[in-house]
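A.B. asks: What follows is query-v3.tsv, TSV, C-alpha atoms and all ligand atoms.
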```tsv
chain	number	residue	atom	x	y	z
A	1	MET	CA	38.44	-130.88	-95.11
A	2	ILE	CA	38.67	-128.53	-92.13
A	3	LYS	CA	38.67	-130.39	-88.80
A	4	LEU	CA	39.77	-127.60	-86.47
A	5	VAL	CA	39.18	-123.84	-86.43
A	6	LEU	CA	41.38	-121.60	-84.29
A	7	SER	CA	40.10	-118.04	-84.10
A	8	ASP	CA	41.19	-114.79	-82.55
A	9	VAL	CA	38.50	-113.05	-80.45
A	10	ASP	CA	38.76	-109.22	-80.33
A	11	GLY	CA	38.00	-107.62	-83.71
A	12	THR	CA	37.42	-111.04	-85.28
A	13	LEU	CA	34.43	-112.46	-83.37
A	14	THR	CA	33.46	-109.08	-81.90
A	15	ASP	CA	32.74	-105.64	-83.32
A	16	ASN	CA	35.17	-102.71	-83.06
A	17	ARG	CA	34.09	-102.11	-79.44
A	18	ARG	CA	34.66	-105.78	-78.51
A	19	VAL	CA	30.98	-106.69	-78.32
A	20	PHE	CA	30.69	-110.38	-79.24
A	21	SER	CA	28.83	-111.12	-82.49
A	22	THR	CA	25.73	-113.22	-81.86
A	23	ARG	CA	25.94	-114.45	-85.47
A	24	ALA	CA	29.51	-115.66	-84.91
A	25	ALA	CA	28.46	-117.33	-81.64
A	26	GLU	CA	25.68	-119.19	-83.47
A	27	GLU	CA	28.03	-120.35	-86.23
A	28	ILE	CA	30.63	-121.52	-83.70
A	29	ARG	CA	28.03	-123.66	-81.94
A	30	LYS	CA	26.70	-124.98	-85.24
A	31	ILE	CA	30.08	-126.12	-86.61
A	32	GLN	CA	31.05	-127.70	-83.29
A	33	ALA	CA	27.76	-129.64	-83.37
A	34	HIS	CA	28.85	-130.87	-86.83
A	35	GLY	CA	32.03	-132.33	-85.32
A	36	ILE	CA	34.51	-129.54	-86.03
A	37	THR	CA	36.82	-128.65	-83.15
A	38	VAL	CA	36.69	-124.93	-82.31
A	39	SER	CA	39.37	-123.20	-80.25
A	40	LEU	CA	39.96	-119.53	-79.49
A	41	VAL	CA	43.20	-117.66	-78.82
A	42	SER	CA	43.39	-114.17	-77.38
A	43	GLY	CA	45.69	-111.68	-75.69
A	44	ASN	CA	43.09	-111.64	-72.92
A	45	VAL	CA	43.31	-113.62	-69.66
A	46	ILE	CA	42.36	-117.13	-68.49
A	47	PRO	CA	39.17	-116.06	-66.60
A	48	VAL	CA	37.84	-114.46	-69.80
A	49	MET	CA	38.65	-117.56	-71.87
A	50	TYR	CA	37.13	-119.73	-69.15
A	51	SER	CA	33.90	-117.73	-69.51
A	52	LEU	CA	33.89	-117.96	-73.30
A	53	ARG	CA	34.55	-121.70	-73.16
A	54	THR	CA	31.78	-122.24	-70.62
A	55	TYR	CA	29.09	-120.01	-72.09
A	56	LEU	CA	29.74	-120.82	-75.75
A	57	GLY	CA	29.84	-124.52	-74.78
A	58	LEU	CA	33.23	-125.23	-76.36
A	59	SER	CA	34.92	-128.54	-75.61
A	60	ALA	CA	38.45	-127.82	-76.94
A	61	PRO	CA	41.09	-126.03	-74.89
A	62	LEU	CA	41.22	-122.24	-75.34
A	63	PHE	CA	44.32	-120.06	-75.12
A	64	ALA	CA	44.89	-116.79	-73.26
A	65	GLU	CA	47.83	-114.37	-73.14
A	66	ASN	CA	48.55	-114.72	-76.89
A	67	GLY	CA	48.98	-118.49	-76.55
A	68	GLY	CA	51.04	-118.50	-73.36
A	69	SER	CA	48.38	-120.06	-71.15
A	70	MET	CA	45.61	-122.59	-71.79
A	71	ILE	CA	42.29	-123.46	-70.18
A	72	ALA	CA	40.71	-126.89	-70.58
A	73	ASP	CA	39.56	-128.90	-67.55
A	74	ASP	CA	42.63	-127.42	-65.91
A	75	ILE	CA	44.86	-124.36	-66.40
A	76	THR	CA	48.31	-124.62	-67.99
A	77	SER	CA	50.87	-121.85	-68.23
A	78	PHE	CA	53.55	-122.66	-70.82
A	79	PHE	CA	55.72	-119.70	-69.87
A	80	SER	CA	56.80	-117.87	-66.73
A	81	MET	CA	55.82	-114.43	-65.44
A	82	GLU	CA	59.40	-113.60	-64.45
A	83	LYS	CA	60.62	-111.72	-67.54
A	84	PRO	CA	57.37	-109.91	-68.46
A	85	ALA	CA	56.96	-108.74	-64.84
A	86	LEU	CA	60.58	-107.55	-64.66
A	87	PHE	CA	60.24	-105.57	-67.88
A	88	PHE	CA	56.88	-104.13	-66.84
A	89	ASP	CA	58.34	-102.93	-63.51
A	90	HIS	CA	61.17	-101.28	-65.44
A	91	LEU	CA	58.70	-99.47	-67.75
A	92	GLN	CA	56.60	-98.36	-64.82
A	93	ASN	CA	59.60	-97.10	-62.85
A	94	LYS	CA	60.76	-95.08	-65.87
A	95	GLY	CA	57.27	-93.64	-66.41
A	96	LEU	CA	57.02	-95.28	-69.84
A	97	ALA	CA	53.83	-97.29	-69.29
A	98	ARG	CA	50.89	-98.04	-67.03
A	99	GLY	CA	49.36	-101.43	-66.31
A	100	ILE	CA	45.93	-102.53	-67.54
A	101	LEU	CA	43.02	-103.88	-65.49
A	102	THR	CA	43.46	-107.55	-66.47
A	103	ASN	CA	47.08	-107.78	-65.23
A	104	ARG	CA	45.87	-109.16	-61.88
A	105	TRP	CA	44.75	-112.34	-63.71
A	106	ARG	CA	47.84	-112.84	-65.88
A	107	LEU	CA	50.16	-115.87	-65.55
A	108	CYS	CA	52.88	-115.23	-68.14
A	109	SER	CA	52.40	-111.79	-69.74
A	110	MET	CA	51.72	-108.17	-68.83
A	111	GLY	CA	49.42	-105.69	-70.57
A	112	TYR	CA	50.26	-101.99	-70.67
A	113	ASP	CA	49.25	-98.60	-71.96
A	114	PRO	CA	52.35	-96.79	-73.21
A	115	THR	CA	52.91	-93.22	-72.13
A	116	PRO	CA	52.03	-91.23	-75.29
A	117	GLY	CA	55.09	-90.66	-77.49
A	118	ARG	CA	57.22	-93.28	-75.67
A	119	GLU	CA	56.11	-96.35	-77.69
A	120	ARG	CA	59.37	-96.69	-79.65
A	121	GLU	CA	61.52	-96.40	-76.54
A	122	ILE	CA	59.66	-99.39	-75.09
A	123	LEU	CA	60.17	-101.47	-78.23
A	124	ALA	CA	63.87	-100.62	-78.25
A	125	LEU	CA	64.28	-101.77	-74.63
A	126	ALA	CA	62.46	-105.10	-75.04
A	127	GLY	CA	65.39	-107.06	-76.53
A	128	GLU	CA	67.62	-106.18	-73.59
A	129	PHE	CA	65.04	-107.78	-71.25
A	130	GLN	CA	64.56	-110.82	-73.56
A	131	VAL	CA	60.84	-110.20	-74.03
A	132	ASP	CA	58.59	-109.74	-77.08
A	133	ILE	CA	56.09	-106.92	-77.49
A	134	THR	CA	52.85	-107.32	-79.40
A	135	ASN	CA	49.84	-105.12	-80.05
A	136	SER	CA	46.40	-106.62	-80.61
A	137	GLY	CA	44.94	-103.32	-81.80
A	138	PHE	CA	43.15	-103.20	-78.42
A	139	SER	CA	46.16	-103.30	-76.09
A	140	TRP	CA	49.92	-103.77	-75.81
A	141	HIS	CA	51.38	-106.95	-74.31
A	142	ILE	CA	54.76	-108.00	-72.94
A	143	LEU	CA	55.41	-111.66	-73.75
A	144	ASN	CA	58.17	-114.21	-73.32
A	145	GLN	CA	60.19	-114.86	-76.46
A	146	GLY	CA	58.41	-117.59	-78.47
A	147	GLN	CA	55.08	-116.92	-76.73
A	148	ASN	CA	52.62	-116.19	-79.53
A	149	LYS	CA	49.51	-117.47	-81.27
A	150	GLY	CA	51.60	-119.69	-83.56
A	151	PHE	CA	52.75	-121.56	-80.44
A	152	ALA	CA	49.09	-122.23	-79.54
A	153	LEU	CA	48.35	-123.37	-83.08
A	154	LEU	CA	51.22	-125.88	-83.13
A	155	HIS	CA	50.16	-127.16	-79.70
A	156	LEU	CA	46.62	-127.86	-81.02
A	157	ILE	CA	47.87	-129.52	-84.23
A	158	LYS	CA	49.98	-131.87	-82.13
A	159	MET	CA	47.26	-132.48	-79.54
A	160	PHE	CA	44.58	-133.38	-82.13
A	161	LYS	CA	47.08	-135.08	-84.50
A	162	LEU	CA	46.02	-132.99	-87.50
A	163	ARG	CA	47.56	-132.18	-90.85
A	164	PRO	CA	48.08	-128.42	-91.44
A	165	GLU	CA	45.54	-128.38	-94.32
A	166	GLU	CA	42.86	-129.62	-91.89
A	167	VAL	CA	43.21	-126.47	-89.79
A	168	LEU	CA	41.72	-123.02	-90.45
A	169	VAL	CA	42.95	-119.95	-88.56
A	170	ILE	CA	41.03	-116.66	-88.42
A	171	GLY	CA	42.44	-113.34	-87.22
A	172	ASP	CA	42.50	-109.62	-87.92
A	173	ASN	CA	45.61	-108.06	-86.45
A	174	LEU	CA	49.39	-108.28	-86.35
A	175	ASN	CA	49.46	-110.40	-83.19
A	176	ASP	CA	47.75	-113.09	-85.31
A	177	MET	CA	50.67	-113.12	-87.76
A	178	PRO	CA	52.59	-116.00	-86.06
A	179	MET	CA	49.67	-118.36	-86.85
A	180	PHE	CA	49.42	-116.94	-90.38
A	181	GLN	CA	53.04	-117.91	-90.99
A	182	GLU	CA	52.23	-121.63	-90.63
A	183	SER	CA	51.11	-123.75	-93.61
A	184	VAL	CA	47.47	-123.95	-92.46
A	185	LYS	CA	44.36	-122.46	-94.14
A	186	LYS	CA	43.81	-118.79	-93.32
A	187	ALA	CA	40.81	-116.48	-93.42
A	188	VAL	CA	40.30	-112.88	-92.30
A	189	PRO	CA	37.32	-110.59	-91.76
A	190	ALA	CA	37.21	-107.51	-94.03
A	191	ASN	CA	38.59	-105.25	-91.26
A	192	ALA	CA	41.89	-107.21	-91.04
A	193	GLU	CA	45.28	-105.52	-91.41
A	194	PRO	CA	46.67	-105.58	-95.00
A	195	GLU	CA	49.62	-107.79	-93.94
A	196	LEU	CA	47.17	-110.53	-92.89
A	197	LYS	CA	44.93	-110.08	-95.93
A	198	ALA	CA	48.01	-110.65	-98.11
A	199	LYS	CA	48.50	-114.10	-96.53
A	200	ALA	CA	44.82	-115.11	-96.36
A	201	ASP	CA	43.13	-117.78	-98.51
A	202	TYR	CA	39.85	-115.94	-98.01
A	203	VAL	CA	38.83	-112.37	-97.08
A	204	SER	CA	35.19	-112.05	-96.00
A	205	LYS	CA	32.91	-109.45	-97.52
A	206	LEU	CA	31.69	-108.25	-94.12
A	207	PRO	CA	33.95	-106.91	-91.34
A	208	TYR	CA	34.36	-108.09	-87.73
A	209	GLY	CA	32.16	-110.85	-86.21
A	210	ASP	CA	29.76	-110.86	-89.13
A	211	GLY	CA	32.74	-111.54	-91.40
A	212	ALA	CA	33.86	-114.41	-89.17
A	213	SER	CA	30.30	-115.78	-89.27
A	214	GLU	CA	30.48	-115.66	-93.08
A	215	ILE	CA	33.78	-117.61	-92.97
A	216	LEU	CA	32.47	-120.20	-90.48
A	217	SER	CA	29.34	-120.83	-92.55
A	218	SER	CA	31.41	-121.67	-95.65
A	219	LEU	CA	34.00	-124.10	-94.23
A	220	ASP	CA	33.24	-126.59	-97.04
A	221	SER	CA	34.92	-124.23	-99.51
A	222	PHE	CA	38.33	-124.46	-97.80
B	301	CA	CA	42.17	-109.34	-82.86
```
Go ahead and express the file in the form of structure tokens.
Ligand code: CA

C.D. replies:
Amino acid sequence: MIKLVLSDVDGTLTDNRRVFSTRAAEEIRKIQAHGITVSLVSGNVIPVMYSLRTYLGLSAPLFAENGGSMIADDITSFFSMEKPALFFDHLQNKGLARGILTNRWRLCSMGYDPTPGREREILALAGEFQVDITNSGFSWHILNQGQNKGFALLHLIKMFKLRPEEVLVIGDNLNDMPMFQESVKKAVPANAEPELKAKADYVSKLPYGDGASEILSSLDSF
């Protein structure tokens, strides 16, 4: 029986322009009312997750910055800004990337738009600066090593004292892969990347937020 759902936001609970699915929002509220813990994890920032938690009425902690920071009654940053900021400055000084709007609210990661054609150069430099690079399909992020959505998942499993088979994760893109590598239940909306579909227990018929709504309304089948 599923006791906790951890879902990605962009492309999973939204449409392809990041507009939140009202059907998914309704399902989230319904399953929480039935006693299932619902948490969200995103590459986005704490203020955005604070808003989602408040306005969706979620009681569990939510995770920002790909799992690196957490908002509950208080804000926790599990990682430091030092290495991501250092690498970002290097990219900017070399003309390889530009910052994104939400960087002013980040605690332990940096978002960037790569200069066209220089993407590989950035990836090649990351190891030297001891940082990880991930792409949500919506933006690129510089993270600390070990900072990923799998980290958030393991934190929740420990916090709520759950068995892996009591947890369902939902995601659509490669930055969700770290949580898909754990021995939990996995579901994806129809728009998900093939690598995630290959690992999923269930692929919804509909894409995006409507697909997530389909998944959330059939939790009994997991
Ligand atoms: Ca996503």

A.B. asks: Return as a VMD selection string every polymer residue, whether protein, DNA or RNA, with at least one atom no more than 6 Å from an atom of ligand CA 301 (chain B); count only C-alpha atoms and all ligand atoms.

C.D. replies: chain A and resid 8 to 12 136 171 to 173

A.B. asks: Given only C-alpha atoms as the basis, pick out the residue of A:Leu13, A:Ile133, A:Leu154, A:Leu6 nearest to Tyr208 of chain A.

C.D. replies: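 The answer is A:Leu13, which sits nearest to Tyr208 of chain A.
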
A.B. asks: Which value, in Å to one decimal, gives the distance between atom CA of Val167 of chain A and atom CA of Asp201 of chain A?

C.D. replies: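 Computing it gives 12.3 Å between the two atoms.
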
A.B. asks: Find the residues of segment 122-162 of chain A that sit at most 10 Å from segment 40-47 of chain A; for each, write down the nearest two atoms and how far apart they are in Å, to one decimal. Count all atoms listed in the file. Sort by chain, then by number going up, and give it as JSON lines.

C.D. replies:
```
{"residue": "A:Thr134", "atom": "CA", "partner": "A:Gly43", "partner_atom": "CA", "distance": 9.2}
{"residue": "A:Asn135", "atom": "CA", "partner": "A:Gly43", "partner_atom": "CA", "distance": 8.9}
{"residue": "A:Ser136", "atom": "CA", "partner": "A:Gly43", "partner_atom": "CA", "distance": 7.1}
{"residue": "A:Phe138", "atom": "CA", "partner": "A:Gly43", "partner_atom": "CA", "distance": 9.3}
{"residue": "A:Ser139", "atom": "CA", "partner": "A:Gly43", "partner_atom": "CA", "distance": 8.4}
{"residue": "A:Trp140", "atom": "CA", "partner": "A:Gly43", "partner_atom": "CA", "distance": 9.0}
{"residue": "A:His141", "atom": "CA", "partner": "A:Gly43", "partner_atom": "CA", "distance": 7.5}
{"residue": "A:Leu143", "atom": "CA", "partner": "A:Gly43", "partner_atom": "CA", "distance": 9.9}
{"residue": "A:Asn148", "atom": "CA", "partner": "A:Gly43", "partner_atom": "CA", "distance": 9.1}
{"residue": "A:Lys149", "atom": "CA", "partner": "A:Val41", "partner_atom": "CA", "distance": 6.8}
{"residue": "A:Gly150", "atom": "CA", "partner": "A:Val41", "partner_atom": "CA", "distance": 9.9}
{"residue": "A:Ala152", "atom": "CA", "partner": "A:Val41", "partner_atom": "CA", "distance": 7.5}
{"residue": "A:Leu153", "atom": "CA", "partner": "A:Val41", "partner_atom": "CA", "distance": 8.8}
```

A.B. asks: Pull C-alpha atoms from the residues just selected and write them as a compact mmCIF listing (two decimals), keeping the file's coordinate frame.

C.D. replies:
```txt
# COMPACT_ATOMS: atom_id res chain seq x y z
CA THR A 134 52.85 -107.32 -79.40
CA ASN A 135 49.84 -105.12 -80.05
CA SER A 136 46.40 -106.62 -80.61
CA PHE A 138 43.15 -103.20 -78.42
CA SER A 139 46.16 -103.30 -76.09
CA TRP A 140 49.92 -103.77 -75.81
CA HIS A 141 51.38 -106.95 -74.31
CA LEU A 143 55.41 -111.66 -73.75
CA ASN A 148 52.62 -116.19 -79.53
CA LYS A 149 49.51 -117.47 -81.27
CA GLY A 150 51.60 -119.69 -83.56
CA ALA A 152 49.09 -122.23 -79.54
CA LEU A 153 48.35 -123.37 -83.08
```

A.B. asks: For Ile170 of chain A, find every residue with an atom within 9 Å (counting only C-alpha atoms), except residues of its own chain fewer than 6 positions away, and show them as a list of chain:residue names.

C.D. replies: A:Val5, A:Leu6, A:Ser7, A:Asp8, A:Thr12, A:Asp176, A:Met179, A:Phe180, A:Lys185, A:Lys186, A:Ala187, A:Val188, A:Pro189, A:Ala200, A:Ala212, A:Ile215

A.B. asks: Take the residues from that selection and put them in a file with C-alpha atoms, as a short mmCIF file (atom, residue, chain, number, x, y, z; two decimals), in the frame of the given file.

C.D. replies:
```
data_model
loop_
_atom_site.label_atom_id
_atom_site.label_comp_id
_atom_site.auth_asym_id
_atom_site.auth_seq_id
_atom_site.Cartn_x
_atom_site.Cartn_y
_atom_site.Cartn_z
CA VAL A 5 39.18 -123.84 -86.43
CA LEU A 6 41.38 -121.60 -84.29
CA SER A 7 40.10 -118.04 -84.10
CA ASP A 8 41.19 -114.79 -82.55
CA THR A 12 37.42 -111.04 -85.28
CA ASP A 176 47.75 -113.09 -85.31
CA MET A 179 49.67 -118.36 -86.85
CA PHE A 180 49.42 -116.94 -90.38
CA LYS A 185 44.36 -122.46 -94.14
CA LYS A 186 43.81 -118.79 -93.32
CA ALA A 187 40.81 -116.48 -93.42
CA VAL A 188 40.30 -112.88 -92.30
CA PRO A 189 37.32 -110.59 -91.76
CA ALA A 200 44.82 -115.11 -96.36
CA ALA A 212 33.86 -114.41 -89.17
CA ILE A 215 33.78 -117.61 -92.97
#
```

A.B. asks: Is there a way to get, as an mmCIF file with C-alpha atoms, in the frame of the given file, all residues within 9 Å of the point (45.8, -128.3, -89.5) in file coordinates, counting only C-alpha atoms?

C.D. replies:
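New file selection09.cif:
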```cif
data_model
loop_
_atom_site.group_PDB
_atom_site.id
_atom_site.type_symbol
_atom_site.label_atom_id
_atom_site.label_comp_id
_atom_site.auth_asym_id
_atom_site.auth_seq_id
_atom_site.Cartn_x
_atom_site.Cartn_y
_atom_site.Cartn_z
ATOM 1 C CA ILE A 2 38.670 -128.530 -92.130
ATOM 2 C CA LYS A 3 38.670 -130.390 -88.800
ATOM 3 C CA LEU A 4 39.770 -127.600 -86.470
ATOM 4 C CA VAL A 5 39.180 -123.840 -86.430
ATOM 5 C CA LEU A 153 48.350 -123.370 -83.080
ATOM 6 C CA LEU A 154 51.220 -125.880 -83.130
ATOM 7 C CA LEU A 156 46.620 -127.860 -81.020
ATOM 8 C CA ILE A 157 47.870 -129.520 -84.230
ATOM 9 C CA LYS A 161 47.080 -135.080 -84.500
ATOM 10 C CA LEU A 162 46.020 -132.990 -87.500
ATOM 11 C CA ARG A 163 47.560 -132.180 -90.850
ATOM 12 C CA PRO A 164 48.080 -128.420 -91.440
ATOM 13 C CA GLU A 165 45.540 -128.380 -94.320
ATOM 14 C CA GLU A 166 42.860 -129.620 -91.890
ATOM 15 C CA VAL A 167 43.210 -126.470 -89.790
ATOM 16 C CA LEU A 168 41.720 -123.020 -90.450
ATOM 17 C CA VAL A 169 42.950 -119.950 -88.560
ATOM 18 C CA SER A 183 51.110 -123.750 -93.610
ATOM 19 C CA VAL A 184 47.470 -123.950 -92.460
ATOM 20 C CA LYS A 185 44.360 -122.460 -94.140
#
```

A.B. asks: May I ask which of the residues A:Gly209, A:Pro61, A:Pro194, A:Gly127 is the closest one to Asn144 of chain A, counting only C-alpha atoms?

C.D. replies: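 Closest candidate: A:Gly127.
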
A.B. asks: Using only C-alpha atoms for the distances, tell me which of A:Glu182, A:Glu128, A:Glu65, A:Asp220 is nearest to Gly111 of chain A.

C.D. replies: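 Looking at the shortest contact to Gly111 of chain A, the residue is A:Glu65.
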
A.B. asks: With only C-alpha atoms as the basis for distance, which of A:Thr115, A:Gln92, A:Asn66, A:Asn103 is at the shortest distance from Met177 of chain A?

C.D. replies: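 Distance minimum relative to Met177 of chain A lands on A:Asn66.
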
A.B. asks: Rounded to one decimal in Å, what is the spacing between atom CA of Gln147 of chain A and atom CA of Ser59 of chain A?

C.D. replies: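 Those two atoms sit 23.3 Å apart.
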
A.B. asks: Excluding same-chain residues fewer than 4 positions from Cys108 of chain A, what lies within 6 Å of it counting all atoms listed in the file, as a list in words?

C.D. replies: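 Listing them by chain and then by number gives Phe79, Ser80 and Met81 of chain A.
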
A.B. asks: Could you tell me how far atom CA of Leu206 of chain A lies from atom CA of Ala190 of chain A, in Å and to one decimal?

C.D. replies: 5.6 Å

A.B. asks: Would you compute, for all listed atoms of segment 160-165 of chain A, the axis-aligned bounding box grown by 3 Å on each side, and then report its centre and edge lengths in Å rounded to one decimal, as AutoDock Vina command-line options?

C.D. replies:
```
--center_x 46.3 --center_y -131.7 --center_z -88.2 --size_x 9.5 --size_y 12.7 --size_z 18.2
```

A.B. asks: Which residues, written as JSON, numbers by chain, have at least one atom at most 8 Å from Glu27 of chain A, with all atoms listed in the file counted and residues fewer than 6 positions away on the same chain left out?

C.D. replies: {"A": [213, 216, 217]}

A.B. asks: Any chance you can output those residues with C-alpha atoms as a PDB file, keeping the file's coordinate frame?

C.D. replies:
```
ATOM      1  CA  SER A 213      30.300-115.780 -89.270  1.00  0.00           C
ATOM      2  CA  LEU A 216      32.470-120.200 -90.480  1.00  0.00           C
ATOM      3  CA  SER A 217      29.340-120.830 -92.550  1.00  0.00           C
TER       4      SER A 217
END
```

A.B. asks: Given the choices A:Ile71, A:Val48, A:Leu174, A:Ala24, which gets closest to Ala192 of chain A if the distance is worked out from all atoms listed in the file?

C.D. replies: A:Leu174

A.B. asks: So, counting all atoms listed in the file, which residue among A:Ala64, A:Ile122, A:Leu56, A:Val203 is closest to Thr102 of chain A?

C.D. replies: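 Closest to Thr102 of chain A of all the choices is A:Ala64.
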